[in-house]
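Colleague: Here it is, the structure in full.
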Amino acid sequence: MLAVAGLCKAFGGVRAVWDVSFAVAPGEILGLIGPNGSGKTTVFNLVAGALAADAGTITLDGRSITRLTPDRRNALGIARTYQHVRCLPHLSTTDNVAVAGLYGARPAASTGAARRAARALLERVGLGWAGGVPAGRLTVAERKRLEVARALATHPRLLLLDEPLAGLNPAEAAAALDLFARIRDEGTTLMIVEHNVGAVRSICGRVVVLNSGEKIAEGAPEAVLADARVMEVYLGERAPA
Amino acid sequence: MRGAAAAALALGLLAAVPVLTGRSAVLNWLFLVLLHAGIAQSWNLLAGFGGQVNLGHAAFFGLGAVVARILWLDGAAVPWALFAGVAAAGAAGLLIGAPSLRLRGAYFAIGTLALAEILRITFANAMPEVSALSAAQLGDYALAPRYYLALLLAAGTTTVAWGFSASRFGLGLAAIREDEDVAAAIGIPTFRQKLLALLASTVFAGLAGGVFAYYHLSFYPSFAFSPIWTFDALIITFLGGVGTVWGPVVGAAFFILVREALALRLAELHLLIFGVLFVLVVVAFPGGLMQAGAALGRRLGAPARPAQRPQQG
């Protein structure tokens, strides 16, 4: 559904993303992995439209979205979460989600309908108790779940999750992975940036590996994680015998 | 619904004042409150609800005032003169907003500040003479129509503010105020929404200017562009409660009451007092008088039960 070809983005002289191409198939969970600073979040920003690409094309279902603003891309079905959580701190937790439901790909008919849908989504991510609380009062782990609910409220077809497990304890991480699998089963395609290799192995059908802004490997998690170049990037070169 | 009933009652009482009393001191005082409520509320529409700080609100107030004044003194009917002033203010708003609201950061604040100062200096040079009513116009002068116009202004802006607070558009604006990147990422057309809110804000600022021009017997055109109109609106809004529907109205009543009381005895000292009050409100009560009132109400009534996190299992 999503195709990225020859994507480039430089910040000053730093090539953050260089000539990256990949495709996302409908209904899959694609992992985007690589060391810190390898360009994963920049790829997300380029796909979601928060950054404009220097070169390359991004197409969604055959239609070029390379030059569209982030709100237009969201209306076409691309939603995202942030690595460093970002909520609307002075709005209630319910309204954080409701406002997304009033815009997004399939806007709700009324604020009342959006708030009802928001409460159901909050219930689903385990924040049902927090509807009336200003989002700024939630813990980081709670805000991560709020971000997922907010993104889902826009009715995405492609959901970009940027390190959704960072900072969660093992029980919370397991619950989150379970939720992501169910979101996929309901028909939303997922792209996940994640450092937790165990999680990537368990949930991603396919992974793309970035290093220094370039794609160095792509394929099934088992095969890619065993790849010599990937091992080298993560663990360093094998010492000479 | 209780809020709407209370608002309708207040509106009815205010509308009855000119019938009940012929005392011009009362009408003048209420006129000032309503005019300031209107201009503060118009500033609140964009800055309070949308988080876009306009430091040149006087530009739009002044355009509304000067355009309406020239046409009115030239013989145009008052509604047409006011409409032309409103159109000029709205056009200026679109002109400054179209480039500067595309950018993030201080560009919009600095752009509006510069616009107001440029207009003030230009009008001081181009129209240095005081604008005064003719003897015939002075003979016809009646306070009640001015008062009703100011009431219409305050009620109109506050109705729009209420619409912002309760609607999809208003929630979208609030999201832009909270985090513009997140707002765009959930599908809100941020530039278009900011520009529409600016249009509403500047149109009402222009109407406030027109009401001022219709009210005053004489003023220097450049005075209508004085930064005082921007900063009074800002202080009133913060005192009352920025981003709330009733904050600018409550703030205006408080502001005019204190200003008139102090000005009688202490001349310009009220400026210093409002400066200190402004700092106190921002530090201690960022929600202004509305927040203070709500806090007091909670203290007197039963405390609300805070939401509880479920126990970790």
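Quick note on naming: the chains in the structure tokens go A, B, ... in the order shown, residues restart at 1 in each chain, and ligands are numbered from 1 in order of appearance.
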Please provide as a ChimeraX atom specification all residues within 9 Å of Ala116 in chain B, with the sequence filter that same-chain residues fewer than 3 positions apart are discarded (counting only C-alpha atoms).

Modeller: /B:55-60,62,111-113,119-121,225-227

Colleague: Quick one: write out the picked residues with all heavy atoms as an mmCIF file, in the first residue's frame?

Modeller:
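Here's the written file result07.cif:
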data_model
loop_
_atom_site.group_PDB
_atom_site.id
_atom_site.type_symbol
_atom_site.label_atom_id
_atom_site.label_comp_id
_atom_site.auth_asym_id
_atom_site.auth_seq_id
_atom_site.Cartn_x
_atom_site.Cartn_y
_atom_site.Cartn_z
ATOM 1 N N LEU B 55 0.309 40.621 18.782
ATOM 2 C CA LEU B 55 0.791 41.782 19.546
ATOM 3 C C LEU B 55 0.473 43.085 18.823
ATOM 4 O O LEU B 55 0.957 44.145 19.211
ATOM 5 C CB LEU B 55 2.297 41.666 19.808
ATOM 6 C CG LEU B 55 2.713 40.581 20.802
ATOM 7 C CD1 LEU B 55 4.217 40.612 21.047
ATOM 8 C CD2 LEU B 55 1.975 40.724 22.124
ATOM 9 N N GLY B 56 -0.321 43.010 17.768
ATOM 10 C CA GLY B 56 -0.679 44.222 17.044
ATOM 11 C C GLY B 56 -2.168 44.334 16.835
ATOM 12 O O GLY B 56 -2.633 44.787 15.783
ATOM 13 N N HIS B 57 -2.928 43.931 17.845
ATOM 14 C CA HIS B 57 -4.383 43.978 17.719
ATOM 15 C C HIS B 57 -4.861 45.411 17.437
ATOM 16 O O HIS B 57 -5.886 45.609 16.776
ATOM 17 C CB HIS B 57 -5.026 43.453 19.000
ATOM 18 C CG HIS B 57 -6.357 42.794 18.788
ATOM 19 N ND1 HIS B 57 -6.569 41.898 17.770
ATOM 20 C CD2 HIS B 57 -7.529 42.913 19.441
ATOM 21 C CE1 HIS B 57 -7.834 41.496 17.816
ATOM 22 N NE2 HIS B 57 -8.438 42.095 18.819
ATOM 23 N N ALA B 58 -4.094 46.399 17.915
ATOM 24 C CA ALA B 58 -4.442 47.803 17.689
ATOM 25 C C ALA B 58 -4.518 48.132 16.204
ATOM 26 O O ALA B 58 -5.257 49.033 15.796
ATOM 27 C CB ALA B 58 -3.419 48.707 18.380
ATOM 28 N N ALA B 59 -3.774 47.412 15.367
ATOM 29 C CA ALA B 59 -3.810 47.679 13.922
ATOM 30 C C ALA B 59 -5.228 47.496 13.390
ATOM 31 O O ALA B 59 -5.724 48.310 12.607
ATOM 32 C CB ALA B 59 -2.847 46.749 13.187
ATOM 33 N N PHE B 60 -5.898 46.438 13.829
ATOM 34 C CA PHE B 60 -7.220 46.097 13.296
ATOM 35 C C PHE B 60 -8.298 46.964 13.945
ATOM 36 O O PHE B 60 -9.234 47.407 13.279
ATOM 37 C CB PHE B 60 -7.472 44.602 13.497
ATOM 38 C CG PHE B 60 -6.287 43.782 13.040
ATOM 39 C CD1 PHE B 60 -5.444 43.170 13.960
ATOM 40 C CD2 PHE B 60 -5.971 43.685 11.698
ATOM 41 C CE1 PHE B 60 -4.335 42.466 13.543
ATOM 42 C CE2 PHE B 60 -4.862 42.994 11.272
ATOM 43 C CZ PHE B 60 -4.035 42.369 12.197
ATOM 44 N N GLY B 62 -7.680 49.976 15.017
ATOM 45 C CA GLY B 62 -7.457 51.299 14.442
ATOM 46 C C GLY B 62 -8.018 51.417 13.033
ATOM 47 O O GLY B 62 -8.651 52.429 12.694
ATOM 48 N N GLY B 111 5.206 40.190 13.362
ATOM 49 C CA GLY B 111 4.567 40.768 12.178
ATOM 50 C C GLY B 111 3.404 41.668 12.546
ATOM 51 O O GLY B 111 3.271 42.793 12.031
ATOM 52 N N THR B 112 2.555 41.213 13.475
ATOM 53 C CA THR B 112 1.406 42.029 13.870
ATOM 54 C C THR B 112 1.853 43.261 14.655
ATOM 55 O O THR B 112 1.318 44.352 14.450
ATOM 56 C CB THR B 112 0.420 41.198 14.720
ATOM 57 O OG1 THR B 112 1.143 40.486 15.718
ATOM 58 C CG2 THR B 112 -0.342 40.210 13.858
ATOM 59 N N LEU B 113 2.866 43.079 15.512
ATOM 60 C CA LEU B 113 3.397 44.222 16.275
ATOM 61 C C LEU B 113 3.898 45.297 15.317
ATOM 62 O O LEU B 113 3.607 46.490 15.468
ATOM 63 C CB LEU B 113 4.532 43.742 17.193
ATOM 64 C CG LEU B 113 5.184 44.767 18.114
ATOM 65 C CD1 LEU B 113 4.182 45.274 19.128
ATOM 66 C CD2 LEU B 113 6.389 44.174 18.827
ATOM 67 N N LEU B 119 1.276 51.402 11.025
ATOM 68 C CA LEU B 119 0.010 52.116 10.797
ATOM 69 C C LEU B 119 -0.106 53.320 11.720
ATOM 70 O O LEU B 119 -0.570 54.389 11.314
ATOM 71 C CB LEU B 119 -1.172 51.164 10.991
ATOM 72 C CG LEU B 119 -1.367 50.132 9.882
ATOM 73 C CD1 LEU B 119 -2.463 49.141 10.256
ATOM 74 C CD2 LEU B 119 -1.706 50.809 8.563
ATOM 75 N N ARG B 120 0.320 53.153 12.973
ATOM 76 C CA ARG B 120 0.217 54.257 13.927
ATOM 77 C C ARG B 120 1.038 55.455 13.447
ATOM 78 O O ARG B 120 0.559 56.596 13.417
ATOM 79 C CB ARG B 120 0.697 53.822 15.316
ATOM 80 C CG ARG B 120 0.479 54.856 16.412
ATOM 81 C CD ARG B 120 0.925 54.350 17.765
ATOM 82 N NE ARG B 120 2.359 54.076 17.809
ATOM 83 C CZ ARG B 120 3.284 55.010 17.995
ATOM 84 N NH1 ARG B 120 2.945 56.266 18.157
ATOM 85 N NH2 ARG B 120 4.569 54.689 18.013
ATOM 86 N N ILE B 121 2.286 55.174 13.038
ATOM 87 C CA ILE B 121 3.169 56.263 12.605
ATOM 88 C C ILE B 121 2.659 56.875 11.302
ATOM 89 O O ILE B 121 2.650 58.094 11.123
ATOM 90 C CB ILE B 121 4.615 55.737 12.469
ATOM 91 C CG1 ILE B 121 5.145 55.357 13.861
ATOM 92 C CG2 ILE B 121 5.514 56.771 11.810
ATOM 93 C CD1 ILE B 121 6.377 54.480 13.833
ATOM 94 N N PHE B 225 -4.558 53.566 16.901
ATOM 95 C CA PHE B 225 -3.548 52.527 16.631
ATOM 96 C C PHE B 225 -2.574 52.392 17.800
ATOM 97 O O PHE B 225 -1.560 51.710 17.687
ATOM 98 C CB PHE B 225 -2.765 52.871 15.355
ATOM 99 C CG PHE B 225 -3.617 52.855 14.125
ATOM 100 C CD1 PHE B 225 -4.215 54.004 13.641
ATOM 101 C CD2 PHE B 225 -3.825 51.657 13.441
ATOM 102 C CE1 PHE B 225 -5.009 53.992 12.514
ATOM 103 C CE2 PHE B 225 -4.614 51.633 12.304
ATOM 104 C CZ PHE B 225 -5.206 52.798 11.836
ATOM 105 N N SER B 226 -2.857 53.066 18.905
ATOM 106 C CA SER B 226 -1.948 53.026 20.053
ATOM 107 C C SER B 226 -1.824 51.605 20.599
ATOM 108 O O SER B 226 -2.810 50.854 20.659
ATOM 109 C CB SER B 226 -2.478 53.954 21.145
ATOM 110 O OG SER B 226 -1.890 53.615 22.380
ATOM 111 N N PRO B 227 -0.615 51.215 21.011
ATOM 112 C CA PRO B 227 -0.418 49.868 21.577
ATOM 113 C C PRO B 227 -1.313 49.610 22.782
ATOM 114 O O PRO B 227 -1.517 48.453 23.165
ATOM 115 C CB PRO B 227 1.058 49.849 22.003
ATOM 116 C CG PRO B 227 1.702 50.992 21.317
ATOM 117 C CD PRO B 227 0.645 51.984 20.946
#

Colleague: Considering only C-alpha atoms, give me a table of residues in chain A that are at most 10 Å from chain B, with the closest atom pair and distance in Å for each, as a tab-separated table.

Modeller:
residue	atom	partner	partner_atom	distance
A:Ala48	CA	B:Ala185	CA	7.3
A:Gly49	CA	B:Ala185	CA	8.3
A:Ala50	CA	B:Asp181	CA	7.4
A:Thr69	CA	B:Ala184	CA	8.1
A:Pro70	CA	B:Ala185	CA	5.6
A:Asp71	CA	B:Gly187	CA	3.9
A:Arg72	CA	B:Gly187	CA	6.4
A:Arg73	CA	B:Gly187	CA	7.6
A:Asn74	CA	B:Gly187	CA	5.0
A:Ala75	CA	B:Gly187	CA	5.6
A:Leu76	CA	B:Gly187	CA	9.0
A:Gly77	CA	B:Gly187	CA	9.3
A:Ile78	CA	B:Ala185	CA	8.5
A:Ala79	CA	B:Ala185	CA	6.7
A:Arg80	CA	B:Ala185	CA	7.1
A:Thr81	CA	B:Ala185	CA	9.0
A:Tyr82	CA	B:Val182	CA	9.1
A:Arg86	CA	B:Val182	CA	7.2
A:Cys87	CA	B:Asp179	CA	7.6
A:Leu88	CA	B:Glu178	CA	5.1
A:Pro89	CA	B:Glu178	CA	6.7
A:His90	CA	B:Glu178	CA	7.2
A:Leu91	CA	B:Ala174	CA	7.9
A:Asp95	CA	B:Leu171	CA	7.9
A:Asn96	CA	B:Ala175	CA	7.9
A:Val97	CA	B:Ile186	CA	9.5
A:Ala98	CA	B:Leu171	CA	8.7
A:Val99	CA	B:Leu171	CA	6.0
A:Ala100	CA	B:Ile186	CA	5.3
A:Gly101	CA	B:Ile186	CA	8.3
A:Leu102	CA	B:Arg168	CA	6.4
A:Tyr103	CA	B:Gly187	CA	5.4
A:Gly104	CA	B:Gly187	CA	4.5
A:Ala105	CA	B:Gly187	CA	7.4
A:Arg106	CA	B:Gly187	CA	10.0
A:Pro107	CA	B:Gly187	CA	9.4
A:Ala108	CA	B:Arg168	CA	9.5
A:Ala109	CA	B:Arg168	CA	9.7
A:Ser110	CA	B:Arg168	CA	7.6
A:Thr111	CA	B:Arg168	CA	6.3
A:Gly112	CA	B:Ser167	CA	9.9
A:Ala114	CA	B:Arg168	CA	9.5
A:Gly126	CA	B:Pro310	CA	9.6
A:Leu127	CA	B:Arg309	CA	8.8
A:Gly128	CA	B:Arg309	CA	9.8
A:Trp129	CA	B:Ala307	CA	6.5
A:Ala130	CA	B:Ala307	CA	6.3
A:Gly131	CA	B:Ala307	CA	8.6
A:Gly132	CA	B:Ala307	CA	7.5
A:Val133	CA	B:Ala307	CA	7.0
A:Leu138	CA	B:Arg309	CA	9.8
A:Glu147	CA	B:Val182	CA	9.9
A:Arg150	CA	B:Ile186	CA	7.8
A:Ala151	CA	B:Ile186	CA	6.9
A:Leu152	CA	B:Ile186	CA	9.6
A:Ala153	CA	B:Ile186	CA	8.6
A:Thr154	CA	B:Ile186	CA	6.4
A:His155	CA	B:Ile186	CA	9.9
A:Pro156	CA	B:Ile186	CA	9.8
A:Ala171	CA	B:Gly313	CA	9.9

Colleague: Could you give me, as CSV, every range 66-133 of chain B residue with an atom at most 10 Å from range 50-54 of chain B, plus its closest atom pair and distance in Å to one decimal, counting only C-alpha atoms, rows ordered by chain then number?

Modeller:
residue,atom,partner,partner_atom,distance
B:Leu101,CA,B:Gln52,CA,8.6
B:Arg104,CA,B:Gln52,CA,9.7
B:Gly105,CA,B:Gln52,CA,9.3
B:Ala106,CA,B:Val53,CA,8.6
B:Tyr107,CA,B:Val53,CA,10.0
B:Phe108,CA,B:Asn54,CA,6.9
B:Ala109,CA,B:Asn54,CA,5.1
B:Ile110,CA,B:Asn54,CA,8.3
B:Gly111,CA,B:Asn54,CA,8.6
B:Thr112,CA,B:Asn54,CA,6.0
B:Leu113,CA,B:Asn54,CA,7.4

Colleague: Got time to write the residues from that selection, all heavy atoms, as a short mmCIF file (atom, residue, chain, number, x, y, z; two decimals), in the first residue's frame?

Modeller:
data_model
loop_
_atom_site.label_atom_id
_atom_site.label_comp_id
_atom_site.auth_asym_id
_atom_site.auth_seq_id
_atom_site.Cartn_x
_atom_site.Cartn_y
_atom_site.Cartn_z
N LEU B 101 1.29 33.15 9.31
CA LEU B 101 0.73 32.00 10.02
C LEU B 101 1.20 30.68 9.42
O LEU B 101 0.95 29.61 9.97
CB LEU B 101 -0.80 32.06 10.03
CG LEU B 101 -1.43 33.09 10.98
CD1 LEU B 101 -2.93 33.09 10.85
CD2 LEU B 101 -1.03 32.82 12.43
N ARG B 104 6.19 28.93 12.06
CA ARG B 104 6.07 28.70 13.50
C ARG B 104 6.89 29.74 14.23
O ARG B 104 7.75 30.38 13.65
CB ARG B 104 6.62 27.31 13.88
CG ARG B 104 5.97 26.19 13.15
CD ARG B 104 4.58 25.91 13.69
NE ARG B 104 3.92 24.93 12.85
CZ ARG B 104 4.09 23.63 12.96
NH1 ARG B 104 4.88 23.16 13.89
NH2 ARG B 104 3.46 22.80 12.16
N GLY B 105 6.61 29.88 15.51
CA GLY B 105 7.45 30.73 16.34
C GLY B 105 6.96 32.16 16.37
O GLY B 105 5.75 32.42 16.29
N ALA B 106 7.87 33.10 16.48
CA ALA B 106 7.52 34.47 16.82
C ALA B 106 7.12 35.32 15.61
O ALA B 106 6.79 36.48 15.77
CB ALA B 106 8.70 35.13 17.54
N TYR B 107 7.13 34.76 14.40
CA TYR B 107 6.89 35.58 13.21
C TYR B 107 5.55 36.30 13.25
O TYR B 107 5.45 37.46 12.88
CB TYR B 107 6.98 34.73 11.94
CG TYR B 107 8.34 34.13 11.73
CD1 TYR B 107 8.61 32.82 12.09
CD2 TYR B 107 9.38 34.90 11.21
CE1 TYR B 107 9.87 32.28 11.94
CE2 TYR B 107 10.64 34.36 11.05
CZ TYR B 107 10.88 33.06 11.41
OH TYR B 107 12.13 32.52 11.26
N PHE B 108 4.52 35.57 13.67
CA PHE B 108 3.19 36.17 13.68
C PHE B 108 3.12 37.30 14.70
O PHE B 108 2.60 38.39 14.41
CB PHE B 108 2.12 35.11 13.96
CG PHE B 108 0.74 35.67 14.07
CD1 PHE B 108 0.09 36.17 12.95
CD2 PHE B 108 0.10 35.73 15.29
CE1 PHE B 108 -1.18 36.71 13.05
CE2 PHE B 108 -1.17 36.26 15.39
CZ PHE B 108 -1.81 36.75 14.27
N ALA B 109 3.66 37.07 15.90
CA ALA B 109 3.64 38.09 16.95
C ALA B 109 4.40 39.33 16.50
O ALA B 109 3.93 40.46 16.64
CB ALA B 109 4.24 37.53 18.25
N ILE B 110 5.57 39.13 15.90
CA ILE B 110 6.39 40.26 15.48
C ILE B 110 5.76 40.96 14.27
O ILE B 110 5.74 42.20 14.19
CB ILE B 110 7.83 39.78 15.16
CG1 ILE B 110 8.50 39.34 16.46
CG2 ILE B 110 8.63 40.88 14.49
CD1 ILE B 110 9.80 38.62 16.26
N GLY B 111 5.21 40.19 13.36
CA GLY B 111 4.57 40.77 12.18
C GLY B 111 3.40 41.67 12.55
O GLY B 111 3.27 42.79 12.03
N THR B 112 2.56 41.21 13.47
CA THR B 112 1.41 42.03 13.87
C THR B 112 1.85 43.26 14.66
O THR B 112 1.32 44.35 14.45
CB THR B 112 0.42 41.20 14.72
OG1 THR B 112 1.14 40.49 15.72
CG2 THR B 112 -0.34 40.21 13.86
N LEU B 113 2.87 43.08 15.51
CA LEU B 113 3.40 44.22 16.28
C LEU B 113 3.90 45.30 15.32
O LEU B 113 3.61 46.49 15.47
CB LEU B 113 4.53 43.74 17.19
CG LEU B 113 5.18 44.77 18.11
CD1 LEU B 113 4.18 45.27 19.13
CD2 LEU B 113 6.39 44.17 18.83
#

Colleague: Can you tell me, as number ranges by chain, what residues are no more than 12 Å from Tyr141 in chain B when counting only C-alpha atoms, ignoring any on the same chain fewer than 4 positions away?

Modeller: B: 133-137, 145-146, 214-217

Colleague: Only N, CA and C atoms, please: the residues just picked out, written as a compact mmCIF listing (two decimals), in the first residue's frame.

Modeller:
# COMPACT_ATOMS: atom_id res chain seq x y z
N LEU B 133 -16.39 65.92 15.88
CA LEU B 133 -17.74 65.99 15.31
C LEU B 133 -18.11 67.44 15.04
N SER B 134 -18.95 67.64 14.03
CA SER B 134 -19.42 68.99 13.72
C SER B 134 -20.49 69.40 14.75
N ALA B 135 -20.82 70.67 14.76
CA ALA B 135 -21.82 71.17 15.71
C ALA B 135 -23.15 70.46 15.52
N ALA B 136 -23.54 70.23 14.25
CA ALA B 136 -24.81 69.54 13.97
C ALA B 136 -24.78 68.12 14.53
N GLN B 137 -23.65 67.43 14.33
CA GLN B 137 -23.55 66.05 14.83
C GLN B 137 -23.57 66.03 16.36
N PRO B 145 -27.80 54.72 21.34
CA PRO B 145 -27.40 53.89 20.18
C PRO B 145 -25.96 53.40 20.29
N ARG B 146 -25.07 54.23 20.83
CA ARG B 146 -23.66 53.80 21.03
C ARG B 146 -23.61 52.63 22.00
N TYR B 214 -17.58 55.81 16.59
CA TYR B 214 -18.93 56.33 16.60
C TYR B 214 -19.25 56.99 17.95
N TYR B 215 -18.51 56.55 18.99
CA TYR B 215 -18.78 57.00 20.36
C TYR B 215 -18.05 58.31 20.68
N HIS B 216 -16.78 58.40 20.26
CA HIS B 216 -15.97 59.51 20.73
C HIS B 216 -16.28 60.81 20.02
N LEU B 217 -16.32 61.90 20.79
CA LEU B 217 -16.59 63.21 20.21
C LEU B 217 -15.38 63.67 19.39

Colleague: Taking 3 positions as the minimum chain separation for residues in the same chain, which residues sit within 10 Å of Asp19 in chain A when counting only C-alpha atoms? Answer as a PyMOL selection string.

Modeller: chain A and resi 4-9+15+55-56+213-215

Colleague: List the neighbours of Met290 in chain B out to 9 Å using only C-alpha atoms; skip same-chain residues closer than 4 positions along the sequence, and give me the result as a ChimeraX atom specification.

Modeller: /B:239-242,244,246-247,250-251,294-295

Colleague: Those residues you just picked out, can you put them in a file as a short mmCIF file (atom, residue, chain, number, x, y, z; two decimals), in the first residue's frame with N, CA, C and O atoms?

Modeller:
data_model
loop_
_atom_site.label_atom_id
_atom_site.label_comp_id
_atom_site.auth_asym_id
_atom_site.auth_seq_id
_atom_site.Cartn_x
_atom_site.Cartn_y
_atom_site.Cartn_z
N LEU B 239 -6.41 38.64 32.94
CA LEU B 239 -7.03 38.84 34.25
C LEU B 239 -8.29 37.99 34.38
O LEU B 239 -8.53 37.34 35.41
N GLY B 240 -9.09 37.97 33.34
CA GLY B 240 -10.37 37.26 33.41
C GLY B 240 -10.21 35.77 33.22
O GLY B 240 -10.90 34.97 33.86
N GLY B 241 -9.32 35.36 32.35
CA GLY B 241 -9.12 33.93 32.07
C GLY B 241 -8.95 33.71 30.58
O GLY B 241 -9.92 33.71 29.82
N VAL B 242 -7.69 33.52 30.17
CA VAL B 242 -7.39 33.39 28.75
C VAL B 242 -7.91 32.05 28.22
O VAL B 242 -7.84 31.04 28.91
N THR B 244 -11.00 31.24 27.84
CA THR B 244 -12.33 30.90 28.36
C THR B 244 -13.37 31.81 27.70
O THR B 244 -13.02 32.86 27.15
N TRP B 246 -16.02 33.38 29.22
CA TRP B 246 -16.45 34.52 30.02
C TRP B 246 -15.30 35.33 30.58
O TRP B 246 -15.52 36.41 31.13
N GLY B 247 -14.07 34.82 30.46
CA GLY B 247 -12.91 35.52 31.01
C GLY B 247 -12.81 36.97 30.58
O GLY B 247 -12.72 37.88 31.42
N VAL B 250 -15.64 39.17 32.24
CA VAL B 250 -15.37 39.39 33.67
C VAL B 250 -14.15 40.30 33.84
O VAL B 250 -14.15 41.24 34.64
N GLY B 251 -13.12 40.03 33.04
CA GLY B 251 -11.89 40.83 33.10
C GLY B 251 -12.15 42.29 32.76
O GLY B 251 -11.59 43.19 33.40
N ALA B 294 -13.71 29.39 40.08
CA ALA B 294 -14.00 27.96 40.08
C ALA B 294 -13.34 27.29 41.29
O ALA B 294 -13.94 26.42 41.93
N ALA B 295 -12.11 27.72 41.62
CA ALA B 295 -11.41 27.15 42.78
C ALA B 295 -12.17 27.46 44.07
O ALA B 295 -12.31 26.60 44.94
#

Colleague: Range 160-267 of chain B: which residues are alpha helix (DSSP H) by DSSP, as a ChimeraX atom specification?

Modeller: /B:160-165,168-178,180-185,190-215,227-240,247-266

Colleague: Figure out the distance between CA of Leu196 in chain B and CA of Ala91 in chain B, please, to one decimal in Å.

Modeller: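 So the answer is 11.9 Å.
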
Colleague: Using only C-alpha atoms, which residues sit within 12 Å of Gly12 in chain B once same-chain residues fewer than 5 positions away are excluded, as a list in words?

Modeller: Ala5, Ala6, Ala7, Val17, Pro18, Val19, Tyr148, Leu151, Leu152 and Ala155 of chain B

Colleague: Residues at most 9 Å from His195 in chain A, counting only C-alpha atoms, excluding those fewer than 3 positions away in the same chain, as a ChimeraX atom specification?

Modeller: /A:33-35,163,165-166,198-200
